[in-house]
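Trainee: Take a look at query.txt, compact mmCIF, C-alpha atoms:
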```
# COMPACT_ATOMS: atom_id res chain seq x y z
CA MET V 3 7.65 3.74 -2.08
CA ALA V 4 10.07 5.40 -4.49
CA TYR V 5 12.27 2.30 -4.76
CA GLN V 6 13.15 1.20 -8.29
CA SER V 7 15.49 -1.70 -9.00
CA PRO V 8 18.98 -0.87 -10.31
CA PHE V 9 18.82 -4.12 -12.32
CA GLU V 10 15.92 -3.11 -14.55
CA ASN V 11 14.05 -0.15 -16.03
CA GLY V 12 10.68 -1.17 -14.65
CA GLU V 13 8.26 1.01 -12.75
CA SER V 14 8.79 2.04 -9.17
CA LYS V 15 6.58 0.86 -6.32
CA ILE V 16 4.80 4.21 -6.24
CA ASP V 17 4.03 4.00 -9.98
CA TYR V 18 2.66 0.48 -9.46
CA ALA V 19 0.58 1.70 -6.51
CA CYS V 20 -0.79 4.69 -8.46
CA ASN V 21 -1.81 2.47 -11.35
CA LEU V 22 -3.53 0.16 -8.86
CA VAL V 23 -5.47 3.06 -7.33
CA ALA V 24 -6.42 4.37 -10.78
CA ALA V 25 -7.74 0.95 -11.83
CA LEU V 26 -9.76 0.50 -8.63
CA SER V 27 -11.18 4.03 -8.93
CA TYR V 28 -12.30 3.34 -12.48
CA LEU V 29 -14.01 0.09 -11.44
CA PHE V 30 -15.84 1.69 -8.50
CA LEU V 31 -16.97 4.73 -10.46
CA LYS V 32 -18.23 2.45 -13.22
CA GLN V 33 -20.54 0.98 -10.56
CA PHE V 34 -21.62 4.52 -9.54
CA ASP V 35 -19.87 4.22 -6.17
CA ALA V 36 -18.41 7.39 -4.64
CA VAL V 37 -14.60 7.45 -4.71
CA GLY V 38 -12.22 9.75 -2.85
CA LEU V 39 -8.44 9.91 -2.58
CA THR V 40 -6.15 10.76 0.33
CA LEU V 41 -2.39 11.05 -0.23
CA PHE V 42 -0.10 11.24 2.79
CA ASN V 43 3.37 10.87 4.24
CA ASP V 44 3.70 12.02 7.87
CA ALA V 45 0.47 13.99 7.35
CA VAL V 46 -2.23 14.31 4.72
CA VAL V 47 -0.75 15.94 1.61
CA GLN V 48 -3.89 16.01 -0.52
CA HIS V 49 -7.49 14.96 -0.03
CA ILE V 50 -10.05 14.66 -2.82
CA PRO V 51 -13.57 14.19 -1.38
CA PRO V 52 -15.64 11.23 -2.61
CA ARG V 53 -17.86 11.71 -5.66
CA SER V 54 -19.75 9.19 -7.76
CA LYS V 55 -19.84 10.91 -11.16
CA ALA V 56 -17.84 9.22 -13.91
CA SER V 57 -16.09 12.54 -14.62
CA HIS V 58 -14.65 12.43 -11.09
CA LEU V 59 -12.06 9.94 -12.37
CA GLN V 60 -10.22 12.87 -13.94
CA HIS V 61 -9.82 14.48 -10.51
CA ILE V 62 -8.51 11.20 -9.09
CA LEU V 63 -6.03 10.77 -11.95
CA HIS V 64 -4.84 14.36 -11.60
CA GLY V 65 -4.28 13.80 -7.89
CA LEU V 66 -2.28 10.66 -8.60
CA SER V 67 -0.18 12.50 -11.18
CA THR V 68 1.08 14.82 -8.44
CA VAL V 69 2.25 12.02 -6.15
CA SER V 70 5.88 12.08 -5.05
CA ALA V 71 7.43 9.70 -2.54
CA LYS V 72 8.82 12.26 -0.12
CA GLY V 73 8.86 12.49 3.65
CA VAL V 74 8.56 9.78 6.29
CA ALA V 75 5.34 7.79 6.30
CA GLN V 76 3.31 7.92 9.52
CA VAL V 77 0.58 5.43 8.67
CA GLU V 78 -0.73 5.08 12.22
CA ASN V 79 -1.18 8.81 12.78
CA VAL V 80 -2.83 9.42 9.42
CA LEU V 81 -5.22 6.47 9.77
CA SER V 82 -6.40 7.78 13.13
CA GLY V 83 -7.26 11.12 11.52
CA ILE V 84 -9.04 9.46 8.60
CA ALA V 85 -11.11 7.34 10.97
CA GLU V 86 -12.38 10.49 12.64
CA ARG V 87 -13.28 12.05 9.28
CA LEU V 88 -15.22 9.14 7.79
CA GLN V 89 -18.89 9.00 8.62
CA GLY V 90 -21.20 6.02 8.23
CA ARG V 91 -20.49 2.76 6.51
CA GLY V 92 -18.10 2.61 3.61
CA MET V 93 -14.86 1.13 2.36
CA LEU V 94 -11.29 2.25 2.99
CA ILE V 95 -8.52 0.91 0.76
CA LEU V 96 -4.97 1.46 2.01
CA VAL V 97 -2.07 1.04 -0.42
CA SER V 98 1.40 1.05 1.15
CA ASP V 99 4.65 -0.88 1.48
CA PHE V 100 4.20 -0.72 5.28
CA LEU V 101 7.95 -0.26 5.69
CA THR V 102 7.50 2.22 8.50
CA ARG V 103 9.75 2.64 11.51
CA ASP V 104 8.37 2.40 15.03
CA GLN V 105 4.80 2.32 13.78
CA ASP V 106 2.05 0.11 15.13
CA ILE V 107 -1.00 0.37 12.87
CA HIS V 108 -2.94 -2.33 14.73
CA LYS V 109 -4.73 0.17 16.95
CA SER V 110 -5.75 2.28 13.96
CA LEU V 111 -7.01 -0.73 12.02
CA LYS V 112 -9.12 -1.77 15.01
CA LEU V 113 -10.55 1.75 15.15
CA LEU V 114 -11.47 1.65 11.47
CA ARG V 115 -13.25 -1.66 11.89
CA SER V 116 -15.07 -0.39 14.98
CA ARG V 117 -16.55 2.33 12.74
CA ARG V 118 -18.05 -0.48 10.63
CA LEU V 119 -15.80 0.37 7.71
CA GLU V 120 -14.80 -2.33 5.25
CA VAL V 121 -11.00 -2.20 5.03
CA ILE V 122 -8.70 -3.58 2.33
CA LEU V 123 -4.91 -3.46 2.62
CA PHE V 124 -2.78 -3.66 -0.51
CA HIS V 125 0.77 -4.43 0.59
CA VAL V 126 3.09 -3.40 -2.27
CA LEU V 127 6.71 -4.59 -2.29
CA HIS V 128 9.42 -4.97 -4.92
CA PRO V 129 11.09 -8.41 -5.31
CA ASP V 130 14.43 -6.85 -4.31
CA GLU V 131 12.89 -6.00 -0.94
CA LEU V 132 11.83 -9.60 -0.50
CA ASN V 133 15.04 -11.32 -1.63
CA LEU V 134 17.89 -8.81 -1.14
CA PRO V 135 19.58 -10.06 -4.35
CA PHE V 136 22.63 -7.77 -4.19
CA ASP V 137 26.18 -9.16 -4.15
CA GLY V 138 29.46 -7.80 -2.84
CA ASP V 139 30.05 -4.80 -0.62
CA THR V 140 27.03 -2.56 -1.05
CA VAL V 141 26.07 0.86 0.29
CA PHE V 142 22.36 1.15 1.08
CA GLU V 143 21.01 4.70 1.04
CA SER V 144 17.68 5.37 2.73
CA LEU V 145 14.90 6.93 0.66
CA GLU V 146 13.58 8.45 3.89
CA ASP V 147 15.78 9.63 6.76
CA ASP V 148 17.62 6.52 7.96
CA PRO V 149 21.44 6.53 8.00
CA THR V 150 23.46 5.06 5.13
CA VAL V 151 24.60 1.47 5.73
CA GLY V 152 27.49 -0.36 4.08
CA LEU V 153 27.64 -4.17 4.17
CA ASP V 154 27.85 -7.38 2.18
CA PRO V 155 24.22 -8.53 1.69
CA ILE V 156 25.22 -12.19 1.75
CA ASP V 157 26.02 -11.81 5.46
CA ILE V 158 22.44 -10.90 6.33
CA ARG V 159 20.38 -12.23 3.40
CA GLU V 160 18.92 -15.26 5.15
CA GLU V 161 17.97 -13.38 8.32
CA TYR V 162 16.64 -10.46 6.28
CA GLN V 163 14.40 -12.72 4.20
CA LYS V 164 13.04 -14.30 7.37
CA ALA V 165 12.39 -10.88 8.93
CA ILE V 166 10.53 -9.45 5.93
CA GLN V 167 8.44 -12.62 5.56
CA LYS V 168 7.62 -12.47 9.27
CA GLN V 169 6.37 -8.91 8.87
CA ILE V 170 4.18 -9.96 5.92
CA ASP V 171 2.78 -12.96 7.78
CA GLN V 172 2.02 -10.95 10.93
CA LEU V 173 0.22 -8.19 9.03
CA GLU V 174 -1.83 -10.72 7.07
CA LYS V 175 -2.74 -12.69 10.21
CA PHE V 176 -3.73 -9.58 12.15
CA SER V 177 -5.77 -8.24 9.21
CA ASN V 178 -7.61 -11.52 8.72
CA GLY V 179 -8.38 -11.61 12.44
CA LEU V 180 -10.18 -8.28 12.12
CA GLY V 181 -12.04 -9.26 8.97
CA ILE V 182 -9.78 -7.05 6.85
CA ASP V 183 -8.88 -8.08 3.31
CA TYR V 184 -5.09 -8.36 3.06
CA VAL V 185 -3.66 -8.40 -0.47
CA PHE V 186 0.06 -8.84 -1.09
CA MET V 187 1.25 -7.23 -4.33
CA ASP V 188 4.64 -8.17 -5.79
CA THR V 189 5.54 -5.51 -8.38
CA SER V 190 7.12 -8.16 -10.63
CA ILE V 191 3.61 -9.51 -11.25
CA PRO V 192 1.78 -7.50 -13.96
CA LEU V 193 -0.85 -5.35 -12.29
CA GLN V 194 -3.68 -6.59 -14.52
CA GLN V 195 -2.89 -10.19 -13.60
CA ALA V 196 -2.57 -9.51 -9.85
CA LEU V 197 -5.70 -7.37 -9.66
CA SER V 198 -7.77 -9.78 -11.76
CA TYR V 199 -6.79 -12.65 -9.46
CA TYR V 200 -7.82 -10.69 -6.37
CA LEU V 201 -11.15 -9.55 -7.84
CA LEU V 202 -12.05 -13.09 -8.93
CA LYS V 203 -11.14 -14.41 -5.48
CA ARG V 204 -13.21 -11.70 -3.80
CA LYS V 205 -16.17 -12.40 -6.08
CA SER V 206 -16.09 -16.11 -5.25
CA LEU V 207 -15.96 -15.40 -1.51
CA ILE V 208 -18.95 -13.04 -1.71
CA LYS V 209 -20.98 -15.73 -3.50
CA ILE V 210 -20.22 -18.18 -0.74
```
Could I get this structure in the form of structure tokens?

Mentor:
Amino acid sequence: MAYQSPFENGESKIDYACNLVAALSYLFLKQFDAVGLTLFNDAVVQHIPPRSKASHLQHILHGLSTVSAKGVAQVENVLSGIAERLQGRGMLILVSDFLTRDQDIHKSLKLLRSRRLEVILFHVLHPDELNLPFDGDTVFESLEDDPTVGLDPIDIREEYQKAIQKQIDQLEKFSNGLGIDYVFMDTSIPLQQALSYYLLKRKSLIKI
């Protein structure tokens, strides 16, 4: 989530994700809905219990200001723990790049839905991760704990693009099959534009 393109001075994925969470929190609290925040990597780093007061937004924003993309994400394990903690009907919004190794979140998503929770997945990726636009011999350094890899991206670009698109398609298909809202977020699209499009789409579906 800490990835930031070497070609530009734009925001990182984690900054984009934090701004997304802040905007959603503001919208929910404006409707007097209770909002909580759970930050995690391989375990829960911080949990802010849900509250519905408008002033609670400051607690959410403070929590987001402490976010750092460290450690190795263990989405499956954390989701299982969250499912046990949540009581009654509600909504869980998960924001991640879902670039996790040896993780199968399908079981956890099924568990969340079995608890009658409404689930929304925001899949946040940078265009570089979709297109692999690098040229020439390149050394790729992991932001987690994978080994460093040196190669010429042109040798793998086509297969890489197919693989990342396959992952996106599979996650979207599985989510839709469970009645989970899947939202792909490309960080090159201004957040206001991307979020407005999703909210308008969601509103039209609810009316139907």

Trainee: At what distance in Å, to one decimal, does CA of Asp99 (chain V) lie from CA of Lys168 (chain V)?

Mentor: 14.3 Å

Trainee: Could you list, as a list of chain:residue names, every residue within 9 Å of Glu174 (chain V), counting only C-alpha atoms and ignoring same-chain residues fewer than 6 positions away?

Mentor: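 The contact residues come out as V:Ile182, V:Asp183, V:Tyr184, V:Val185, V:Phe186.
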
Trainee: Mind pulling up the distance from CA of His49 (chain V) to CA of Tyr5 (chain V)?

Mentor: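 Here the two named atoms are 23.9 Å from each other.
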
Trainee: Taking only C-alpha atoms into account, which of V:Asp154, V:Glu120, V:Glu131, V:Asp139 comes nearest Gly181 (chain V)?

Mentor: V:Glu120

Trainee: List the spatial neighbours of Glu86 (chain V) as a ChimeraX atom specification - criterion: any atom at most 10 Å away, all atoms listed in the file, same-chain residues fewer than 3 positions off excluded.

Mentor: /V:81-83,89,113-114,117

Trainee: Write out as a PDB file with C-alpha atoms, in the coordinates of the input which residues come within 10 Å of Leu94 (chain V) when counting only C-alpha atoms, dropping same-chain ones fewer than 3 positions away.

Mentor:
```pdb
ATOM      1  CA  VAL V  37     -14.600   7.450  -4.710  1.00  0.00           C
ATOM      2  CA  GLY V  38     -12.220   9.750  -2.850  1.00  0.00           C
ATOM      3  CA  LEU V  39      -8.440   9.910  -2.580  1.00  0.00           C
ATOM      4  CA  ILE V  84      -9.040   9.460   8.600  1.00  0.00           C
ATOM      5  CA  ALA V  85     -11.110   7.340  10.970  1.00  0.00           C
ATOM      6  CA  LEU V  88     -15.220   9.140   7.790  1.00  0.00           C
ATOM      7  CA  ARG V  91     -20.490   2.760   6.510  1.00  0.00           C
ATOM      8  CA  VAL V  97      -2.070   1.040  -0.420  1.00  0.00           C
ATOM      9  CA  LEU V 114     -11.470   1.650  11.470  1.00  0.00           C
ATOM     10  CA  ARG V 115     -13.250  -1.660  11.890  1.00  0.00           C
ATOM     11  CA  LEU V 119     -15.800   0.370   7.710  1.00  0.00           C
ATOM     12  CA  GLU V 120     -14.800  -2.330   5.250  1.00  0.00           C
ATOM     13  CA  VAL V 121     -11.000  -2.200   5.030  1.00  0.00           C
ATOM     14  CA  ILE V 122      -8.700  -3.580   2.330  1.00  0.00           C
ATOM     15  CA  LEU V 123      -4.910  -3.460   2.620  1.00  0.00           C
TER      16      LEU V 123
END
```

Trainee: Give me, please, the distance in Å between CA of Pro129 (chain V) and CA of Asp188 (chain V), quoted to one decimal.

Mentor: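 Taking CA of Pro129 (chain V) and CA of Asp188 (chain V), their separation equals 6.5 Å.
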
Trainee: When you look at region 51-63 of chain V with a cut-off of 7 Å (counting only C-alpha atoms), what residues show up, excluding the ones that are within fewer than 4 positions of it in the same chain? I need them as an mmCIF file with C-alpha atoms, in the frame of the given file.

Mentor:
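So the final result, stored in selection_16.cif, reads:
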```cif
data_model
loop_
_atom_site.group_PDB
_atom_site.id
_atom_site.type_symbol
_atom_site.label_atom_id
_atom_site.label_comp_id
_atom_site.auth_asym_id
_atom_site.auth_seq_id
_atom_site.Cartn_x
_atom_site.Cartn_y
_atom_site.Cartn_z
ATOM 1 C CA ALA V 24 -6.420 4.370 -10.780
ATOM 2 C CA SER V 27 -11.180 4.030 -8.930
ATOM 3 C CA TYR V 28 -12.300 3.340 -12.480
ATOM 4 C CA LEU V 31 -16.970 4.730 -10.460
ATOM 5 C CA LYS V 32 -18.230 2.450 -13.220
ATOM 6 C CA PHE V 34 -21.620 4.520 -9.540
ATOM 7 C CA ASP V 35 -19.870 4.220 -6.170
ATOM 8 C CA ALA V 36 -18.410 7.390 -4.640
ATOM 9 C CA VAL V 37 -14.600 7.450 -4.710
ATOM 10 C CA GLY V 38 -12.220 9.750 -2.850
ATOM 11 C CA LEU V 39 -8.440 9.910 -2.580
ATOM 12 C CA SER V 67 -0.180 12.500 -11.180
#
```

Trainee: Here is a test: counting all atoms listed in the file, which residue of V:Phe30, V:Phe142, V:Phe124, V:Phe100 is nearest to Ala196 (chain V)?

Mentor: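 For Ala196 (chain V), the nearest of the given residues is V:Phe124.
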
Trainee: Nearest to Asp106 (chain V) among V:Met3, V:Leu180, V:Gln172, V:Glu160, with distances taken over only C-alpha atoms: which residue is it?

Mentor: V:Gln172

Trainee: Counting only C-alpha atoms, write as a PDB file with C-alpha atoms, in the coordinates of the input all protein and nucleic acid residues lying at most 12 Å from (27.8, 0.8, 2.1) in the file's frame.

Mentor:
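The new file part29.pdb reads:
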```
ATOM      1  CA  PHE V 136      22.630  -7.770  -4.190  1.00  0.00           C
ATOM      2  CA  ASP V 137      26.180  -9.160  -4.150  1.00  0.00           C
ATOM      3  CA  GLY V 138      29.460  -7.800  -2.840  1.00  0.00           C
ATOM      4  CA  ASP V 139      30.050  -4.800  -0.620  1.00  0.00           C
ATOM      5  CA  THR V 140      27.030  -2.560  -1.050  1.00  0.00           C
ATOM      6  CA  VAL V 141      26.070   0.860   0.290  1.00  0.00           C
ATOM      7  CA  PHE V 142      22.360   1.150   1.080  1.00  0.00           C
ATOM      8  CA  GLU V 143      21.010   4.700   1.040  1.00  0.00           C
ATOM      9  CA  SER V 144      17.680   5.370   2.730  1.00  0.00           C
ATOM     10  CA  PRO V 149      21.440   6.530   8.000  1.00  0.00           C
ATOM     11  CA  THR V 150      23.460   5.060   5.130  1.00  0.00           C
ATOM     12  CA  VAL V 151      24.600   1.470   5.730  1.00  0.00           C
ATOM     13  CA  GLY V 152      27.490  -0.360   4.080  1.00  0.00           C
ATOM     14  CA  LEU V 153      27.640  -4.170   4.170  1.00  0.00           C
ATOM     15  CA  ASP V 154      27.850  -7.380   2.180  1.00  0.00           C
ATOM     16  CA  PRO V 155      24.220  -8.530   1.690  1.00  0.00           C
TER      17      PRO V 155
END
```

Trainee: Show which residues sit within 12 Å of Ile191 (chain V), as a list in words. Count only C-alpha atoms, and ignore same-chain residues fewer than 2 positions away.

Mentor: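 Counting only the stated atoms, we get Gly12, Glu13, Lys15, Tyr18, Val126, Leu127, His128, Pro129, Phe186, Met187, Asp188, Thr189, Leu193, Gln194, Gln195, Ala196, Leu197, Ser198 and Tyr199 of chain V.
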